[in-house]
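Structure record follows, encoded as structure tokens.
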Amino acid sequence: MRASSAWQQAWPAPAKLNLMLRILGRRADGYHRLQTVFQFIERCDLIQFTPRADGVIERVGGPAEVPPEQDLTVRAARALQEFTGCRDGVAIDVCKRLPMGGGLGGGSSDAATTLVALDYLWETHLGTDTLADLGLQLGADVPVFVRGSAAWGEGVGEALTPILLPEPWYLVVCPPCHVSTGAVFADPDLTRDSPPITLSRFLSGATENDCLAVVTRRYPEVAAALAWLGDWGEARLTGTGACVFATFAASESAQEALMHVPEGWTAFVARGLNRSPLWQRLNDSS
Ligand SMILES: C[C@](O)(CO)[C@H](O)COP(=O)(O)OP(=O)(O)OC[C@H]1O[C@@H](n2ccc(N)nc2=O)[C@H](O)[C@@H]1O
Ligand SMILES: Nc1ncnc2c1ncn2[C@@H]1O[C@H](COP(=O)(O)OP(=O)(O)OP(=O)(O)O)[C@@H](O)[C@H]1O
């Protein structure tokens, strides 16, 4: 068991954007078959892990609205402990900076960072493939964060092919609503029969998100954010929302747009990343 302390030693859990999202069909278990493109952004939650020798897993800090036992960090730590039979425990402190229910995958990323960090700190040595499989049991978005590469995603989002994309600046706008991913995927009006496309079709401009119509009907705030952002560039929805984003070639132009975001919406500018900062953090430790 390796020691870890101070916030400077915190592990990053970055957000993701879905640069496009197609829904090809629904499986017997209710999950949907997708095609999507994941890219990370440099905006992160931060998580501090303090290993304990007594086997106890506890969350000592985190979002008040998520009870500790339901927190994906705690659930990920328990899953790893049970899978490996490891007798170590951990105190987990989550500094939440990503909006929840925003389609940025914050909870999934927190789970992935917990799996990767504890696999190192507990010296369980499962490695990426097994951690990604374990993560998939916690959420469809967890494997991409475990693997840490921008990717073309298929299956339920777990069949991942790493890709290299331009790394532009994004303006991400978060309207004041919390989208339930489950409710969007359960909506009878959801498009579920999109024909599959190739990566090159995406690269030549097929960037639709099949959740858009249902999300904007259920959440007018998302429609308003898309309309506002559309004046600055091509406005897209990430995942099931609520966040929307647009691409900028230069940080300055993204910052200029940020200054005009209407009051009441949170927003930030962040660089796109093909490699998750989680892996840089792991390399710094090793
Ligand atoms: C929309 C995306 O964020 C795109 O990256 C993901 O597909 C959602 O990933 P996630 O939040 O990790 O999803 P989970 O926590 O596994 O599932 C939340 C809910 O979304 C639905 N769900 C999710 C992923 C998927 N491929 N099909 C689904 O139908 C399931 O009904 C589930 O009840
Ligand atoms: N550490 C955590 N951070 C955020 N949410 C968590 C966490 N643990 C559990 N949750 C639960 O997961 C829900 C979804 O949170 P999350 O921030 O991942 O949404 P999201 O960005 O819409 O995700 P996705 O794009 O994967 O659907 C929250 O509403 C919360 O109830």
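Letters A, B, ... go to the chains of the structure tokens in the order shown; residues in each chain start at 1; ligands are counted from 1 in the same order.
Neighbouring residues of A:Trp228 at 10 Å or closer, counting only C-alpha atoms and skipping chain neighbours under 5 positions away, are Val173, Val222, Ala223, Gly233, Ala235, His260, Val261 and Pro262 of chain A.
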>> Neighbours of ligand 2 at 9 Å or closer, counting only C-alpha atoms and all ligand atoms: which residues, as a PyMOL selection string?
In response: chain A and resi 15-18+45+62-63+65-75+94+96+98-111+139-142+178-182+238-243
Selection from above, C-alpha atoms, as a tab-separated table (two decimals), in the first residue's frame, can you write it?
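Saved as out.tsv:
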chain	number	residue	atom	x	y	z
A	15	ALA	CA	-14.82	15.81	-18.28
A	16	LYS	CA	-15.62	14.40	-21.72
A	17	LEU	CA	-17.53	15.76	-24.65
A	18	ASN	CA	-19.49	13.60	-27.08
A	45	ASP	CA	-12.89	17.13	-10.71
A	62	GLY	CA	-17.77	15.36	-1.70
A	63	PRO	CA	-20.97	16.67	-3.22
A	65	GLU	CA	-26.40	16.05	-2.87
A	66	VAL	CA	-24.84	12.61	-3.44
A	67	PRO	CA	-25.01	10.36	-0.34
A	68	PRO	CA	-21.56	8.79	0.27
A	69	GLU	CA	-22.79	5.22	-0.25
A	70	GLN	CA	-24.18	6.18	-3.70
A	71	ASP	CA	-21.10	8.12	-4.74
A	72	LEU	CA	-19.50	6.50	-7.76
A	73	THR	CA	-16.06	6.91	-6.14
A	74	VAL	CA	-17.14	4.82	-3.14
A	75	ARG	CA	-18.90	2.29	-5.38
A	94	VAL	CA	-13.89	14.65	-3.90
A	96	LYS	CA	-16.43	18.56	-7.40
A	98	LEU	CA	-17.91	19.50	-12.99
A	99	PRO	CA	-21.67	20.06	-13.13
A	100	MET	CA	-23.76	16.98	-12.35
A	101	GLY	CA	-26.27	15.75	-14.90
A	102	GLY	CA	-24.50	17.84	-17.49
A	103	GLY	CA	-23.49	15.17	-19.98
A	104	LEU	CA	-19.84	15.79	-19.12
A	105	GLY	CA	-19.53	12.36	-17.49
A	106	GLY	CA	-18.25	13.70	-14.18
A	107	GLY	CA	-19.55	10.84	-12.04
A	108	SER	CA	-18.20	8.26	-14.49
A	109	SER	CA	-14.85	10.01	-14.60
A	110	ASP	CA	-14.69	10.09	-10.79
A	111	ALA	CA	-15.31	6.33	-10.81
A	139	GLY	CA	-21.63	2.98	-15.99
A	140	ALA	CA	-21.35	2.94	-19.78
A	141	ASP	CA	-19.11	6.01	-19.77
A	142	VAL	CA	-16.55	4.66	-17.27
A	178	HIS	CA	-30.23	18.59	-14.48
A	179	VAL	CA	-30.89	16.06	-17.25
A	180	SER	CA	-31.72	12.48	-16.28
A	181	THR	CA	-29.80	10.23	-18.71
A	182	GLY	CA	-32.14	7.33	-17.89
A	238	THR	CA	-22.82	16.53	-25.19
A	239	GLY	CA	-24.29	13.15	-24.25
A	240	THR	CA	-27.85	13.67	-23.07
A	241	GLY	CA	-27.00	17.24	-21.97
A	242	ALA	CA	-27.65	19.55	-20.28
A	243	CYS	CA	-24.33	21.08	-21.40
>> Just want the 10 Å neighbourhood of A:Cys95, counted on only C-alpha atoms, with same-chain residues fewer than 2 positions away dropped. Output as a ChimeraX atom specification.
In response: /A:7,10,12-13,44-48,61-63,92-93,97-98
> Within 12 Å of stretch 185-187 of chain A, counting only C-alpha atoms, which residues qualify if same-chain residues fewer than 4 places away don't, as a PyMOL selection string?
Replying inline: chain A and resi 23+25-27+30-34+156+179-181+191-192+210-215+217-218+239-241
> Between A:Leu203, A:Leu115, A:Leu138, A:Leu131, which has the minimum distance to ligand 1 (counting only C-alpha atoms and all ligand atoms)?
Replying inline: A:Leu138
> Could you name the residues that touch stretch 195-201 of chain A at 9 Å or less, counting only C-alpha atoms, but leaving out those on the same chain fewer than 3 positions away, as a list in words?
Replying inline: Arg22, Ile23, Leu24, Leu34, Gln35, Val37, Trp152, Ser204, Gly205, Ala206 and Thr207 of chain A
>> Show me, as a PyMOL selection string, the residues that have an atom within 10 Å of A:Gly272 when counting only C-alpha atoms, minus same-chain residues fewer than 4 positions from it.
In response: chain A and resi 15-17+39-43+150+165-170+247+276
>> Give me, as a PyMOL selection string, the residues of stretch 16-239 of chain A that a backbone DSSP run labels strand (DSSP E).
In response: chain A and resi 16-26+32-52+57-61+89-95+151-154+159-162+169-174+236-237
>> If you run DSSP on the backbone here, which positions in stretch 186-216 of chain A get helix (DSSP H, G or I)? Please write them as a list of chain:residue names.
In response: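 DSSP on the backbone gives helix (DSSP H, G or I) at A:Ala186, A:Leu199, A:Ser200, A:Arg201, A:Phe202, A:Leu203, A:Leu212, A:Ala213, A:Val214, A:Val215, A:Thr216.
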Writer output for current selection, N, CA and C atoms, as a compact mmCIF listing (two decimals), in the first residue's frame:
# COMPACT_ATOMS: atom_id res chain seq x y z
N ALA A 186 -35.14 6.48 -22.00
CA ALA A 186 -36.42 5.76 -21.90
C ALA A 186 -37.53 6.45 -22.69
N LEU A 199 -16.06 6.54 -39.43
CA LEU A 199 -15.30 7.63 -38.80
C LEU A 199 -15.07 8.77 -39.80
N SER A 200 -14.81 8.40 -41.06
CA SER A 200 -14.52 9.48 -42.02
C SER A 200 -15.76 10.35 -42.27
N ARG A 201 -16.97 9.77 -42.16
CA ARG A 201 -18.18 10.61 -42.30
C ARG A 201 -18.26 11.60 -41.14
N PHE A 202 -17.91 11.13 -39.92
CA PHE A 202 -17.87 12.06 -38.79
C PHE A 202 -16.86 13.17 -39.07
N LEU A 203 -15.68 12.76 -39.52
CA LEU A 203 -14.61 13.75 -39.73
C LEU A 203 -14.98 14.75 -40.82
N LEU A 212 -30.84 15.00 -29.26
CA LEU A 212 -31.16 16.43 -29.29
C LEU A 212 -32.65 16.74 -29.24
N ALA A 213 -33.45 16.08 -30.09
CA ALA A 213 -34.88 16.44 -30.19
C ALA A 213 -35.59 16.17 -28.86
N VAL A 214 -35.32 15.02 -28.27
CA VAL A 214 -35.98 14.67 -27.00
C VAL A 214 -35.51 15.61 -25.89
N VAL A 215 -34.22 15.87 -25.84
CA VAL A 215 -33.69 16.71 -24.74
C VAL A 215 -34.23 18.14 -24.85
N THR A 216 -34.26 18.70 -26.05
CA THR A 216 -34.73 20.10 -26.17
C THR A 216 -36.24 20.18 -25.91
> Do you have the atom 9 (O, counted along the ligand's line) of ligand 1-atom CA of A:Gln81 distance handy?
Replying inline: 23.1 Å
